[in-house]
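K.L.:
Data file upload.pdb (PDB, C-alpha atoms and all ligand atoms) is appended below.
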```pdb
MODEL        1
ATOM      1  CA  MET A   1    -154.742  -7.772  43.585
ATOM      2  CA  SER A   2    -152.333  -9.835  41.504
ATOM      3  CA  GLY A   3    -150.893  -8.398  38.313
ATOM      4  CA  ARG A   4    -149.269  -9.885  35.232
ATOM      5  CA  LEU A   5    -145.891  -8.377  36.209
ATOM      6  CA  ASP A   6    -145.912  -8.891  39.967
ATOM      7  CA  GLY A   7    -142.370  -8.909  41.364
ATOM      8  CA  LYS A   8    -140.806  -7.701  38.108
ATOM      9  CA  VAL A   9    -138.702  -4.605  37.413
ATOM     10  CA  ALA A  10    -138.760  -2.563  34.187
ATOM     11  CA  PHE A  11    -136.109  -0.117  32.941
ATOM     12  CA  ILE A  12    -137.656   2.516  30.638
ATOM     13  CA  THR A  13    -135.829   5.316  28.794
ATOM     14  CA  GLY A  14    -137.566   8.544  27.806
ATOM     15  CA  ALA A  15    -139.963   7.909  30.676
ATOM     16  CA  ALA A  16    -140.724  11.520  31.638
ATOM     17  CA  ARG A  17    -143.661  11.900  29.259
ATOM     18  CA  GLY A  18    -145.447  10.554  26.179
ATOM     19  CA  GLN A  19    -145.119   6.864  25.415
ATOM     20  CA  GLY A  20    -142.376   6.311  28.015
ATOM     21  CA  ARG A  21    -144.549   7.595  30.864
ATOM     22  CA  SER A  22    -147.510   5.624  29.568
ATOM     23  CA  HIS A  23    -145.422   2.420  29.459
ATOM     24  CA  ALA A  24    -144.188   3.070  33.022
ATOM     25  CA  VAL A  25    -147.728   3.511  34.320
ATOM     26  CA  ARG A  26    -149.102   0.539  32.349
ATOM     27  CA  LEU A  27    -146.389  -1.841  33.574
ATOM     28  CA  ALA A  28    -146.670  -0.489  37.128
ATOM     29  CA  ARG A  29    -150.411  -1.146  37.029
ATOM     30  CA  GLU A  30    -149.552  -4.828  36.462
ATOM     31  CA  GLY A  31    -147.216  -4.853  39.453
ATOM     32  CA  ALA A  32    -143.814  -3.851  38.039
ATOM     33  CA  ASP A  33    -141.420  -1.495  39.785
ATOM     34  CA  ILE A  34    -139.824   1.024  37.448
ATOM     35  CA  ILE A  35    -136.363   2.390  36.681
ATOM     36  CA  ALA A  36    -136.929   5.578  34.674
ATOM     37  CA  VAL A  37    -134.442   7.745  32.761
ATOM     38  CA  ASP A  38    -134.912  10.940  30.786
ATOM     39  CA  LEU A  39    -132.626  13.649  29.398
ATOM     40  CA  LEU A  40    -134.498  16.584  31.008
ATOM     41  CA  ASP A  41    -132.902  19.054  28.615
ATOM     42  CA  GLY A  42    -133.392  20.315  25.076
ATOM     43  CA  MET A  43    -131.189  19.623  22.052
ATOM     44  CA  ASP A  44    -130.377  22.362  19.568
ATOM     45  CA  THR A  45    -131.271  20.288  16.503
ATOM     46  CA  VAL A  46    -134.670  19.274  17.920
ATOM     47  CA  PRO A  47    -137.342  21.801  16.879
ATOM     48  CA  TYR A  48    -139.690  21.214  19.843
ATOM     49  CA  PRO A  49    -139.196  21.085  23.626
ATOM     50  CA  LEU A  50    -138.135  17.803  25.208
ATOM     51  CA  ALA A  51    -139.315  16.666  28.634
ATOM     52  CA  THR A  52    -138.664  18.582  31.853
ATOM     53  CA  LYS A  53    -137.927  17.742  35.483
ATOM     54  CA  ASP A  54    -141.617  18.402  36.252
ATOM     55  CA  ASP A  55    -142.598  15.841  33.612
ATOM     56  CA  LEU A  56    -140.409  13.173  35.224
ATOM     57  CA  GLU A  57    -141.823  14.063  38.647
ATOM     58  CA  GLU A  58    -145.312  13.522  37.232
ATOM     59  CA  THR A  59    -144.296  10.034  36.050
ATOM     60  CA  VAL A  60    -142.985   9.310  39.554
ATOM     61  CA  ARG A  61    -146.257  10.554  41.041
ATOM     62  CA  GLN A  62    -148.386   8.396  38.737
ATOM     63  CA  VAL A  63    -146.348   5.225  39.356
ATOM     64  CA  GLU A  64    -146.337   5.753  43.125
ATOM     65  CA  ALA A  65    -150.084   6.424  43.077
ATOM     66  CA  LEU A  66    -150.444   2.812  41.892
ATOM     67  CA  GLY A  67    -148.531   1.629  44.950
ATOM     68  CA  ARG A  68    -145.407   0.762  42.956
ATOM     69  CA  ARG A  69    -141.838   1.923  43.475
ATOM     70  CA  ILE A  70    -139.768   3.946  41.011
ATOM     71  CA  VAL A  71    -136.120   5.016  40.745
ATOM     72  CA  ALA A  72    -136.090   8.024  38.403
ATOM     73  CA  ARG A  73    -132.853   9.550  37.132
ATOM     74  CA  GLN A  74    -131.689  12.262  34.771
ATOM     75  CA  GLY A  75    -129.665  10.504  32.088
ATOM     76  CA  ASP A  76    -128.699  10.753  28.438
ATOM     77  CA  VAL A  77    -129.107   7.587  26.363
ATOM     78  CA  ARG A  78    -126.076   8.690  24.317
ATOM     79  CA  LEU A  79    -123.930   8.093  27.403
ATOM     80  CA  VAL A  80    -123.796   4.464  28.448
ATOM     81  CA  ALA A  81    -122.356   5.482  31.853
ATOM     82  CA  ASP A  82    -125.576   7.414  32.630
ATOM     83  CA  LEU A  83    -127.642   4.338  31.867
ATOM     84  CA  GLU A  84    -125.387   1.998  33.829
ATOM     85  CA  ALA A  85    -125.649   4.319  36.845
ATOM     86  CA  ALA A  86    -129.455   4.373  36.636
ATOM     87  CA  VAL A  87    -129.728   0.608  36.196
ATOM     88  CA  GLU A  88    -127.316  -0.038  39.054
ATOM     89  CA  ALA A  89    -129.269   2.314  41.336
ATOM     90  CA  GLY A  90    -132.504   0.566  40.391
ATOM     91  CA  VAL A  91    -131.137  -2.947  40.801
ATOM     92  CA  ALA A  92    -129.627  -1.970  44.179
ATOM     93  CA  GLU A  93    -133.095  -0.833  45.249
ATOM     94  CA  PHE A  94    -135.275  -3.548  43.703
ATOM     95  CA  GLY A  95    -132.861  -6.487  43.450
ATOM     96  CA  ARG A  96    -133.436  -7.447  39.804
ATOM     97  CA  LEU A  97    -134.191  -6.371  36.253
ATOM     98  CA  ASP A  98    -136.668  -8.177  33.998
ATOM     99  CA  ILE A  99    -137.928  -5.767  31.323
ATOM    100  CA  VAL A 100    -136.131  -3.178  29.180
ATOM    101  CA  VAL A 101    -138.049  -0.624  27.117
ATOM    102  CA  ALA A 102    -135.673   1.341  24.865
ATOM    103  CA  ASN A 103    -138.088   4.158  24.096
ATOM    104  CA  ALA A 104    -136.240   7.517  24.271
ATOM    105  CA  GLY A 105    -136.172   9.325  20.954
ATOM    106  CA  ILE A 106    -136.008  12.617  19.134
ATOM    107  CA  LEU A 107    -137.049  13.875  15.706
ATOM    108  CA  THR A 108    -134.797  16.382  13.937
ATOM    109  CA  MET A 109    -136.908  16.497  10.777
ATOM    110  CA  GLY A 110    -136.629  19.687   8.737
ATOM    111  CA  ASN A 111    -133.046  20.366   9.811
ATOM    112  CA  ASP A 112    -130.805  19.733   6.799
ATOM    113  CA  THR A 113    -127.438  19.707   8.584
ATOM    114  CA  PRO A 114    -125.085  16.777   9.209
ATOM    115  CA  LYS A 115    -125.429  17.468  12.950
ATOM    116  CA  ALA A 116    -129.187  16.867  12.755
ATOM    117  CA  PHE A 117    -128.509  13.477  11.141
ATOM    118  CA  LEU A 118    -125.807  12.585  13.668
ATOM    119  CA  ASP A 119    -127.825  13.720  16.709
ATOM    120  CA  VAL A 120    -130.877  11.664  15.845
ATOM    121  CA  VAL A 121    -128.833   8.569  15.051
ATOM    122  CA  ASN A 122    -126.956   9.013  18.328
ATOM    123  CA  VAL A 123    -130.155   9.148  20.390
ATOM    124  CA  ASN A 124    -132.475   6.849  18.430
ATOM    125  CA  LEU A 125    -130.002   4.122  17.469
ATOM    126  CA  VAL A 126    -126.834   4.395  19.594
ATOM    127  CA  GLY A 127    -129.097   5.184  22.566
ATOM    128  CA  VAL A 128    -131.009   1.940  22.022
ATOM    129  CA  PHE A 129    -127.752   0.008  21.796
ATOM    130  CA  ASN A 130    -126.511   1.675  25.011
ATOM    131  CA  THR A 131    -129.767   0.883  26.795
ATOM    132  CA  VAL A 132    -129.462  -2.811  26.017
ATOM    133  CA  ALA A 133    -125.747  -2.769  26.911
ATOM    134  CA  ALA A 134    -126.408  -1.186  30.326
ATOM    135  CA  ALA A 135    -129.175  -3.663  31.116
ATOM    136  CA  GLU A 136    -127.563  -6.848  29.771
ATOM    137  CA  PRO A 137    -125.421  -7.855  32.778
ATOM    138  CA  HIS A 138    -128.530  -7.859  35.000
ATOM    139  CA  LEU A 139    -130.919  -9.798  32.755
ATOM    140  CA  GLN A 140    -131.962 -13.339  33.655
ATOM    141  CA  PRO A 141    -133.750 -16.033  31.623
ATOM    142  CA  GLY A 142    -137.337 -14.917  31.025
ATOM    143  CA  ALA A 143    -136.375 -11.247  30.589
ATOM    144  CA  SER A 144    -137.929  -9.173  27.805
ATOM    145  CA  ILE A 145    -136.314  -6.376  25.787
ATOM    146  CA  ILE A 146    -138.641  -4.110  23.797
ATOM    147  CA  LEU A 147    -137.289  -1.589  21.306
ATOM    148  CA  THR A 148    -139.285   1.335  19.897
ATOM    149  CA  GLY A 149    -139.066   1.618  16.136
ATOM    150  CA  SER A 150    -141.488   3.545  13.955
ATOM    151  CA  THR A 151    -143.470   3.011  10.794
ATOM    152  CA  ALA A 152    -140.898   5.482   9.443
ATOM    153  CA  ALA A 153    -138.455   2.583   9.672
ATOM    154  CA  LEU A 154    -140.505   0.640   7.209
ATOM    155  CA  LEU A 155    -141.756   3.294   4.790
ATOM    156  CA  VAL A 156    -139.815   5.110   2.121
ATOM    157  CA  GLY A 157    -140.730   8.604   0.938
ATOM    158  CA  THR A 158    -142.067   9.985   4.220
ATOM    159  CA  VAL A 159    -139.881  11.239   7.068
ATOM    160  CA  ASP A 160    -136.737  10.300   5.115
ATOM    161  CA  ARG A 161    -137.551  13.230   2.809
ATOM    162  CA  GLY A 162    -137.437  15.681   5.751
ATOM    163  CA  GLY A 163    -133.869  16.896   5.238
ATOM    164  CA  ALA A 164    -130.805  15.324   6.840
ATOM    165  CA  GLY A 165    -132.622  15.160  10.198
ATOM    166  CA  GLY A 166    -135.607  13.308   8.736
ATOM    167  CA  LEU A 167    -133.305  10.935   6.865
ATOM    168  CA  GLY A 168    -131.392  10.326  10.103
ATOM    169  CA  TYR A 169    -134.639   9.441  11.882
ATOM    170  CA  ALA A 170    -135.527   6.887   9.209
ATOM    171  CA  HIS A 171    -131.946   5.577   9.169
ATOM    172  CA  ALA A 172    -131.941   5.111  12.940
ATOM    173  CA  LYS A 173    -135.340   3.430  13.091
ATOM    174  CA  ARG A 174    -134.556   1.050  10.205
ATOM    175  CA  HIS A 175    -131.452  -0.016  12.074
ATOM    176  CA  VAL A 176    -133.473  -0.421  15.285
ATOM    177  CA  ALA A 177    -135.658  -2.879  13.363
ATOM    178  CA  ARG A 178    -132.567  -4.787  12.241
ATOM    179  CA  LEU A 179    -131.000  -4.547  15.714
ATOM    180  CA  GLY A 180    -134.107  -6.081  17.291
ATOM    181  CA  HIS A 181    -134.065  -8.912  14.771
ATOM    182  CA  ASP A 182    -130.378  -9.708  15.288
ATOM    183  CA  LEU A 183    -130.432  -9.261  19.078
ATOM    184  CA  SER A 184    -133.282 -11.750  19.304
ATOM    185  CA  ARG A 185    -130.867 -14.342  17.900
ATOM    186  CA  VAL A 186    -128.033 -13.224  20.188
ATOM    187  CA  PHE A 187    -130.151 -13.488  23.359
ATOM    188  CA  ALA A 188    -132.209 -16.581  22.466
ATOM    189  CA  SER A 189    -129.914 -19.109  24.132
ATOM    190  CA  ARG A 190    -130.245 -17.140  27.380
ATOM    191  CA  ARG A 191    -134.038 -17.311  27.009
ATOM    192  CA  ILE A 192    -134.232 -13.526  26.779
ATOM    193  CA  ARG A 193    -136.646 -12.127  24.203
ATOM    194  CA  VAL A 194    -136.212  -9.066  21.982
ATOM    195  CA  ASN A 195    -139.126  -7.504  20.087
ATOM    196  CA  VAL A 196    -139.756  -4.203  18.322
ATOM    197  CA  VAL A 197    -142.906  -2.056  18.288
ATOM    198  CA  HIS A 198    -143.392   0.220  15.294
ATOM    199  CA  PRO A 199    -146.082   2.843  15.966
ATOM    200  CA  THR A 200    -147.505   5.170  13.368
ATOM    201  CA  ASN A 201    -148.003   8.793  14.529
ATOM    202  CA  VAL A 202    -148.515   9.025  18.280
ATOM    203  CA  HIS A 203    -150.217  11.783  20.264
ATOM    204  CA  SER A 204    -147.168  12.879  22.282
ATOM    205  CA  GLY A 205    -144.847  15.852  22.549
ATOM    206  CA  MET A 206    -142.998  14.716  19.428
ATOM    207  CA  MET A 207    -146.086  15.268  17.240
ATOM    208  CA  ASP A 208    -148.172  17.678  19.287
ATOM    209  CA  ASN A 209    -146.091  20.821  18.829
ATOM    210  CA  ASP A 210    -145.961  23.973  16.763
ATOM    211  CA  PHE A 211    -143.244  22.679  14.443
ATOM    212  CA  MET A 212    -145.404  19.703  13.431
ATOM    213  CA  TYR A 213    -148.530  21.797  12.994
ATOM    214  CA  HIS A 214    -146.596  23.827  10.409
ATOM    215  CA  ALA A 215    -145.045  20.706   8.812
ATOM    216  CA  PHE A 216    -148.475  19.171   8.197
ATOM    217  CA  ARG A 217    -150.282  22.419   7.364
ATOM    218  CA  PRO A 218    -147.785  24.475   5.343
ATOM    219  CA  ASP A 219    -150.785  26.198   3.733
ATOM    220  CA  LEU A 220    -151.649  27.995   7.006
ATOM    221  CA  GLU A 221    -149.752  30.825   8.680
ATOM    222  CA  ASN A 222    -150.517  29.821  12.281
ATOM    223  CA  PRO A 223    -151.914  26.267  12.193
ATOM    224  CA  THR A 224    -153.351  24.697  15.341
ATOM    225  CA  LYS A 225    -153.465  21.086  16.489
ATOM    226  CA  GLU A 226    -157.113  20.862  15.401
ATOM    227  CA  GLU A 227    -156.132  22.079  11.925
ATOM    228  CA  MET A 228    -153.322  19.487  11.677
ATOM    229  CA  ILE A 229    -155.555  16.515  12.549
ATOM    230  CA  PRO A 230    -157.449  16.246   9.206
ATOM    231  CA  SER A 231    -154.118  16.162   7.392
ATOM    232  CA  LEU A 232    -152.973  13.255   9.596
ATOM    233  CA  GLU A 233    -156.277  11.454   9.042
ATOM    234  CA  THR A 234    -156.046  11.596   5.258
ATOM    235  CA  LYS A 235    -152.629   9.867   5.373
ATOM    236  CA  SER A 236    -154.066   6.894   7.285
ATOM    237  CA  PRO A 237    -156.016   4.156   5.445
ATOM    238  CA  MET A 238    -158.079   3.682   8.620
ATOM    239  CA  GLY A 239    -158.466   7.431   9.131
ATOM    240  CA  VAL A 240    -156.685   7.438  12.486
ATOM    241  CA  PRO A 241    -154.714  10.678  12.973
ATOM    242  CA  TRP A 242    -152.525   9.289  15.703
ATOM    243  CA  LEU A 243    -152.451   6.607  18.362
ATOM    244  CA  GLU A 244    -152.737   7.446  22.016
ATOM    245  CA  PRO A 245    -149.579   6.473  23.964
ATOM    246  CA  SER A 246    -151.712   4.060  26.013
ATOM    247  CA  GLU A 247    -152.504   2.104  22.836
ATOM    248  CA  VAL A 248    -148.804   1.516  22.231
ATOM    249  CA  SER A 249    -148.405   0.533  25.892
ATOM    250  CA  GLU A 250    -150.763  -2.427  25.361
ATOM    251  CA  ALA A 251    -148.308  -3.866  22.820
ATOM    252  CA  VAL A 252    -145.360  -3.206  25.155
ATOM    253  CA  MET A 253    -147.312  -4.852  27.965
ATOM    254  CA  TYR A 254    -147.883  -7.977  25.855
ATOM    255  CA  PHE A 255    -144.200  -8.331  24.980
ATOM    256  CA  ALA A 256    -143.248  -7.681  28.628
ATOM    257  CA  SER A 257    -145.616 -10.337  29.950
ATOM    258  CA  ASP A 258    -145.286 -14.101  30.223
ATOM    259  CA  GLU A 259    -148.128 -14.417  27.698
ATOM    260  CA  ALA A 260    -145.380 -13.692  25.147
ATOM    261  CA  LYS A 261    -142.775 -15.920  26.760
ATOM    262  CA  TRP A 262    -141.875 -17.682  23.502
ATOM    263  CA  VAL A 263    -142.370 -14.645  21.261
ATOM    264  CA  THR A 264    -139.149 -13.069  20.043
ATOM    265  CA  GLY A 265    -137.716 -11.286  17.004
ATOM    266  CA  GLN A 266    -141.091  -9.732  16.150
ATOM    267  CA  GLN A 267    -141.653  -6.413  14.402
ATOM    268  CA  LEU A 268    -145.123  -5.382  15.573
ATOM    269  CA  LYS A 269    -146.587  -2.664  13.386
ATOM    270  CA  LEU A 270    -149.176  -0.475  15.097
ATOM    271  CA  ASP A 271    -149.861   1.284  11.839
ATOM    272  CA  GLY A 272    -153.591   1.753  11.232
ATOM    273  CA  GLY A 273    -153.097   0.009   7.886
ATOM    274  CA  GLN A 274    -150.361   2.424   6.770
ATOM    275  CA  LEU A 275    -147.826  -0.235   5.774
ATOM    276  CA  GLY A 276    -150.098  -2.785   4.129
ATOM    277  CA  PRO A 277    -149.253  -2.202   0.496
ATOM    278  CA  VAL A 278    -145.788  -0.679   0.820
ATOM    279  CA  THR A 279    -143.703  -2.602   3.360
ATOM    280  CA  ASP A 280    -140.029  -2.472   2.509
ATOM    281  CA  PRO A 281    -139.165  -6.069   1.582
ATOM    282  CA  GLY A 282    -135.623  -5.471   2.890
ATOM    283  CA  VAL A 283    -136.890  -5.299   6.466
ATOM    284  CA  PRO A 284    -137.409  -8.621   8.242
ATOM    285  CA  ALA A 285    -141.093  -9.533   8.496
TER     286      ALA A 285
HETATM  287  N1  LIG A 301    -144.736  10.432  18.381
HETATM  288  C1  LIG A 301    -144.737   9.723  17.262
HETATM  289  O1  LIG A 301    -145.449  10.028  16.304
HETATM  290  C2  LIG A 301    -143.883   8.481  17.160
HETATM  291  C3  LIG A 301    -144.182   7.543  16.162
HETATM  292  C4  LIG A 301    -143.404   6.392  16.070
HETATM  293  C5  LIG A 301    -142.360   6.184  16.955
HETATM  294  N2  LIG A 301    -142.096   7.139  17.919
HETATM  295  C6  LIG A 301    -141.005   6.853  18.838
HETATM  296  O2  LIG A 301    -141.549   6.633  20.120
HETATM  297  C7  LIG A 301    -140.571   6.923  21.118
HETATM  298  C8  LIG A 301    -141.191   7.793  22.215
HETATM  299  O3  LIG A 301    -141.510   9.065  21.667
HETATM  300  P1  LIG A 301    -142.823   9.881  22.094
HETATM  301  O4  LIG A 301    -143.775   9.771  20.983
HETATM  302  O5  LIG A 301    -143.270   9.475  23.440
HETATM  303  O6  LIG A 301    -142.240  11.380  22.076
HETATM  304  P2  LIG A 301    -141.824  12.340  23.293
HETATM  305  O7  LIG A 301    -140.995  13.419  22.673
HETATM  306  O8  LIG A 301    -143.035  12.739  24.057
HETATM  307  O9  LIG A 301    -140.948  11.409  24.244
HETATM  308  C9  LIG A 301    -139.594  11.107  23.997
HETATM  309  C10 LIG A 301    -138.884  11.156  25.343
HETATM  310  O10 LIG A 301    -137.491  10.839  25.146
HETATM  311  C11 LIG A 301    -136.715  11.763  25.911
HETATM  312  N3  LIG A 301    -135.355  11.858  25.342
HETATM  313  C12 LIG A 301    -134.996  12.474  24.193
HETATM  314  N4  LIG A 301    -133.664  12.403  24.024
HETATM  315  C13 LIG A 301    -133.178  11.727  25.088
HETATM  316  C14 LIG A 301    -131.864  11.343  25.489
HETATM  317  N5  LIG A 301    -130.775  11.657  24.755
HETATM  318  N6  LIG A 301    -131.729  10.644  26.640
HETATM  319  C15 LIG A 301    -132.809  10.330  27.403
HETATM  320  N7  LIG A 301    -134.067  10.698  27.077
HETATM  321  C16 LIG A 301    -134.255  11.379  25.940
HETATM  322  C17 LIG A 301    -137.512  13.049  25.820
HETATM  323  O11 LIG A 301    -137.135  13.997  26.805
HETATM  324  C18 LIG A 301    -138.942  12.540  25.959
HETATM  325  O12 LIG A 301    -139.330  12.442  27.305
HETATM  326  C19 LIG A 301    -139.410   7.568  20.371
HETATM  327  O13 LIG A 301    -138.391   6.585  20.160
HETATM  328  C20 LIG A 301    -140.020   7.971  19.049
HETATM  329  O14 LIG A 301    -139.066   8.054  18.027
HETATM  330  C21 LIG A 301    -142.846   8.256  18.048
ENDMDL
END
```
Please render this file's structure as structure tokens.
P.N.:
Amino acid sequence: MSGRLDGKVAFITGAARGQGRSHAVRLAREGADIIAVDLLDGMDTVPYPLATKDDLEETVRQVEALGRRIVARQGDVRLVADLEAAVEAGVAEFGRLDIVVANAGILTMGNDTPKAFLDVVNVNLVGVFNTVAAAEPHLQPGASIILTGSTAALLVGTVDRGGAGGLGYAHAKRHVARLGHDLSRVFASRRIRVNVVHPTNVHSGMMDNDFMYHAFRPDLENPTKEEMIPSLETKSPMGVPWLEPSEVSEAVMYFASDEAKWVTGQQLKLDGGQLGPVTDPGVPA
């Protein structure tokens, strides 16, 4: 069966679980082979567990079950050498690179230390920069770079109020929005596209954890996921508590595909109506 990405290769960071795994599986279903990277370790300023080796193995299993190939590596997006090594291993195996999904991220909300600010900026902004830098020498005309922002990049008075770590998250994501805009100009003459997806809350390990249950239900001693959900719903004009990772993958798939071959510099807000009345006019539309 022919797919929309037959013969293409996608490099995805943070691919062990959540949105990254979902993107890997979605693109593989359309025929892409995958180069996957994940940290496979915790970070002391992150108040929830990050992905494990088993998680990355599950991504490998799901991609291979679709009949596609995958090169999966431990790697830290803060270290450009890790990313270069993964990309080079993948290109040696598959012969090319067409799609980059800079997705890895952390949330250090609630931690009011400078280190929490610096860590999240290092992963969520410097890591995105490193991902593009590692991929760039291999990209040909027609390639597509997709960065993961967040509605937090475009709202004021939400995560940016969550201590130094929350402010760092917003800082990083706002700069990812700007980076996507400016990189789209830088790459245009090579016919390489750069777009940004900005999801609202997503049902992944970043939101579905004990720390977040407490953050959204401070009135309860031991809140559960089910008790957090109504609080998420009331913050959404459309009453959606969170998106499923697969719903974000449809937007990534569009930007990755030739259907979007002249679409670049976009900031696509998957926001359930959250941004309508309050978009920061300083962020490019
Ligand atoms: N979950 C949400 O509500 C939400 C909303 C908007 C945007 N986002 C963004 O979406 C992206 C994906 O997050 P998710 O929702 O799938 O959460 P997640 O925590 O399930 O996935 C993030 C992945 O990134 C990996 N990672 C973290 N630090 C890394 C590093 N230094 N190097 C390599 N890998 C690293 C983690 O191990 C994990 O597998 C992130 O950029 C996040 O900021 C998430």
K.L.:
Kindly provide the residues of chain A that approach ligand LIG 301 (chain A) to within 6 Å, each paired with its closest atom pair and their distance in Å to one decimal, based on all atoms listed in the file, listed by chain and increasing number, as JSON lines.
P.N.:
```
{"residue": "A:Thr13", "atom": "CA", "partner": "A:LIG301", "partner_atom": "N7", "distance": 5.9}
{"residue": "A:Gly14", "atom": "CA", "partner": "A:LIG301", "partner_atom": "O10", "distance": 3.5}
{"residue": "A:Ala15", "atom": "CA", "partner": "A:LIG301", "partner_atom": "O12", "distance": 5.7}
{"residue": "A:Ala16", "atom": "CA", "partner": "A:LIG301", "partner_atom": "O12", "distance": 4.6}
{"residue": "A:Arg17", "atom": "CA", "partner": "A:LIG301", "partner_atom": "O12", "distance": 4.8}
{"residue": "A:Gly18", "atom": "CA", "partner": "A:LIG301", "partner_atom": "O5", "distance": 3.7}
{"residue": "A:Gln19", "atom": "CA", "partner": "A:LIG301", "partner_atom": "O5", "distance": 3.8}
{"residue": "A:Gly20", "atom": "CA", "partner": "A:LIG301", "partner_atom": "O5", "distance": 5.6}
{"residue": "A:Asp38", "atom": "CA", "partner": "A:LIG301", "partner_atom": "N7", "distance": 3.8}
{"residue": "A:Leu39", "atom": "CA", "partner": "A:LIG301", "partner_atom": "C15", "distance": 3.9}
{"residue": "A:Leu40", "atom": "CA", "partner": "A:LIG301", "partner_atom": "O11", "distance": 5.6}
{"residue": "A:Leu50", "atom": "CA", "partner": "A:LIG301", "partner_atom": "O11", "distance": 4.2}
{"residue": "A:Ala51", "atom": "CA", "partner": "A:LIG301", "partner_atom": "O11", "distance": 3.9}
{"residue": "A:Gly75", "atom": "CA", "partner": "A:LIG301", "partner_atom": "C15", "distance": 5.6}
{"residue": "A:Asp76", "atom": "CA", "partner": "A:LIG301", "partner_atom": "N6", "distance": 3.5}
{"residue": "A:Val77", "atom": "CA", "partner": "A:LIG301", "partner_atom": "N6", "distance": 4.0}
{"residue": "A:Arg78", "atom": "CA", "partner": "A:LIG301", "partner_atom": "N5", "distance": 5.6}
{"residue": "A:Asn103", "atom": "CA", "partner": "A:LIG301", "partner_atom": "O13", "distance": 4.6}
{"residue": "A:Ala104", "atom": "CA", "partner": "A:LIG301", "partner_atom": "O10", "distance": 3.7}
{"residue": "A:Gly105", "atom": "CA", "partner": "A:LIG301", "partner_atom": "O13", "distance": 3.6}
{"residue": "A:Ile106", "atom": "CA", "partner": "A:LIG301", "partner_atom": "C12", "distance": 5.2}
{"residue": "A:Val123", "atom": "CA", "partner": "A:LIG301", "partner_atom": "N5", "distance": 5.1}
{"residue": "A:Thr148", "atom": "CA", "partner": "A:LIG301", "partner_atom": "O13", "distance": 5.3}
{"residue": "A:Gly149", "atom": "CA", "partner": "A:LIG301", "partner_atom": "C5", "distance": 5.7}
{"residue": "A:Ser150", "atom": "CA", "partner": "A:LIG301", "partner_atom": "C4", "distance": 4.0}
{"residue": "A:Pro199", "atom": "CA", "partner": "A:LIG301", "partner_atom": "C4", "distance": 4.4}
{"residue": "A:Thr200", "atom": "CA", "partner": "A:LIG301", "partner_atom": "C3", "distance": 4.9}
{"residue": "A:Asn201", "atom": "CA", "partner": "A:LIG301", "partner_atom": "O1", "distance": 3.3}
{"residue": "A:Val202", "atom": "CA", "partner": "A:LIG301", "partner_atom": "O1", "distance": 3.8}
{"residue": "A:His203", "atom": "CA", "partner": "A:LIG301", "partner_atom": "N1", "distance": 6.0}
{"residue": "A:Ser204", "atom": "CA", "partner": "A:LIG301", "partner_atom": "O8", "distance": 4.5}
{"residue": "A:Gly205", "atom": "CA", "partner": "A:LIG301", "partner_atom": "O8", "distance": 3.9}
{"residue": "A:Met206", "atom": "CA", "partner": "A:LIG301", "partner_atom": "O7", "distance": 4.0}
{"residue": "A:Met207", "atom": "CA", "partner": "A:LIG301", "partner_atom": "N1", "distance": 5.1}
```
K.L.:
Which residue, A:His214, A:Arg21, A:Lys269, A:Arg178, has the smallest gap to Gln62 (chain A) when you use only C-alpha atoms?
P.N.:
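Using only C-alpha atoms, the shortest distance to Gln62 (chain A) belongs to A:Arg21.
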K.L.:
Written as an NGL selection string, what is the full residue list that the PyMOL selection byres (((chain A and resi 210-213) around 9) and not hetatm) yields on the file shown?
P.N.:
:A and (47-48 or 206-209 or 214-218 or 222-229)
K.L.:
Name the closest residue to Asp258 (chain A) among the candidates A:Ile12, A:Val46, A:Ile192, A:Ala152; distances are taken between atoms, counting all atoms listed in the file.
P.N.:
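For Asp258 (chain A), the nearest of the candidates is A:Ile192.
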K.L.:
Quick one, how far is CA of Arg193 (chain A) from CA of Glu244 (chain A)?
P.N.:
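Atom-to-atom, CA of Arg193 (chain A) to CA of Glu244 (chain A), that is 25.4 Å.
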K.L.:
What's the separation between CA of Gly31 (chain A) and CA of Gly3 (chain A), in Å to one decimal place?
P.N.:
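Computing it gives 5.2 Å between the two atoms.
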K.L.:
So what do you get for CA of Ala172 (chain A) versus CA of Leu79 (chain A), distance-wise?
P.N.:
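The value is 16.8 Å.
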K.L.:
Do you know which residues the PyMOL selection byres (((chain A and resi 238) around 10) and not hetatm) returns on this file, as a ChimeraX atom specification?
P.N.:
/A:233-237,239-241,271-274
K.L.:
Which residues would end up in the selection if the PyMOL selection byres (((chain A and resi 194) around 12) and not hetatm) were applied here, given that I need the answer as an MDAnalysis selection string?
P.N.:
chainID A and resid 99:102 132 136 142:148 176:188 190:193 195:197 252 255:256 260:268
K.L.:
Considering all atoms listed in the file, can you say which of A:Phe11, A:Arg69, A:Ser257, A:Lys53 comes closest to Asp33 (chain A)?
P.N.:
A:Arg69
K.L.:
Which residues, written as a PyMOL selection string, have at least one atom at most 8 Å from region 107-119 of chain A, with all atoms listed in the file counted and residues fewer than 6 positions away on the same chain left out?
P.N.:
chain A and resi 45-47+159+162-169+206
K.L.:
Do you know which residues are at most 10 Å from Phe94 (chain A) counting all atoms listed in the file, after dropping those on the same chain fewer than 4 positions away, and could you put them as an mmCIF file with C-alpha atoms, in the coordinates of the input?
P.N.:
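So the final result, stored in selection.cif, reads:
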```
data_model
loop_
_atom_site.group_PDB
_atom_site.id
_atom_site.type_symbol
_atom_site.label_atom_id
_atom_site.label_comp_id
_atom_site.auth_asym_id
_atom_site.auth_seq_id
_atom_site.Cartn_x
_atom_site.Cartn_y
_atom_site.Cartn_z
ATOM 1 C CA GLY A 7 -142.370 -8.909 41.364
ATOM 2 C CA LYS A 8 -140.806 -7.701 38.108
ATOM 3 C CA VAL A 9 -138.702 -4.605 37.413
ATOM 4 C CA ASP A 33 -141.420 -1.495 39.785
ATOM 5 C CA ILE A 34 -139.824 1.024 37.448
ATOM 6 C CA ILE A 35 -136.363 2.390 36.681
ATOM 7 C CA ARG A 69 -141.838 1.923 43.475
ATOM 8 C CA ILE A 70 -139.768 3.946 41.011
ATOM 9 C CA VAL A 71 -136.120 5.016 40.745
ATOM 10 C CA GLU A 88 -127.316 -0.038 39.054
ATOM 11 C CA ALA A 89 -129.269 2.314 41.336
ATOM 12 C CA GLY A 90 -132.504 0.566 40.391
#
```
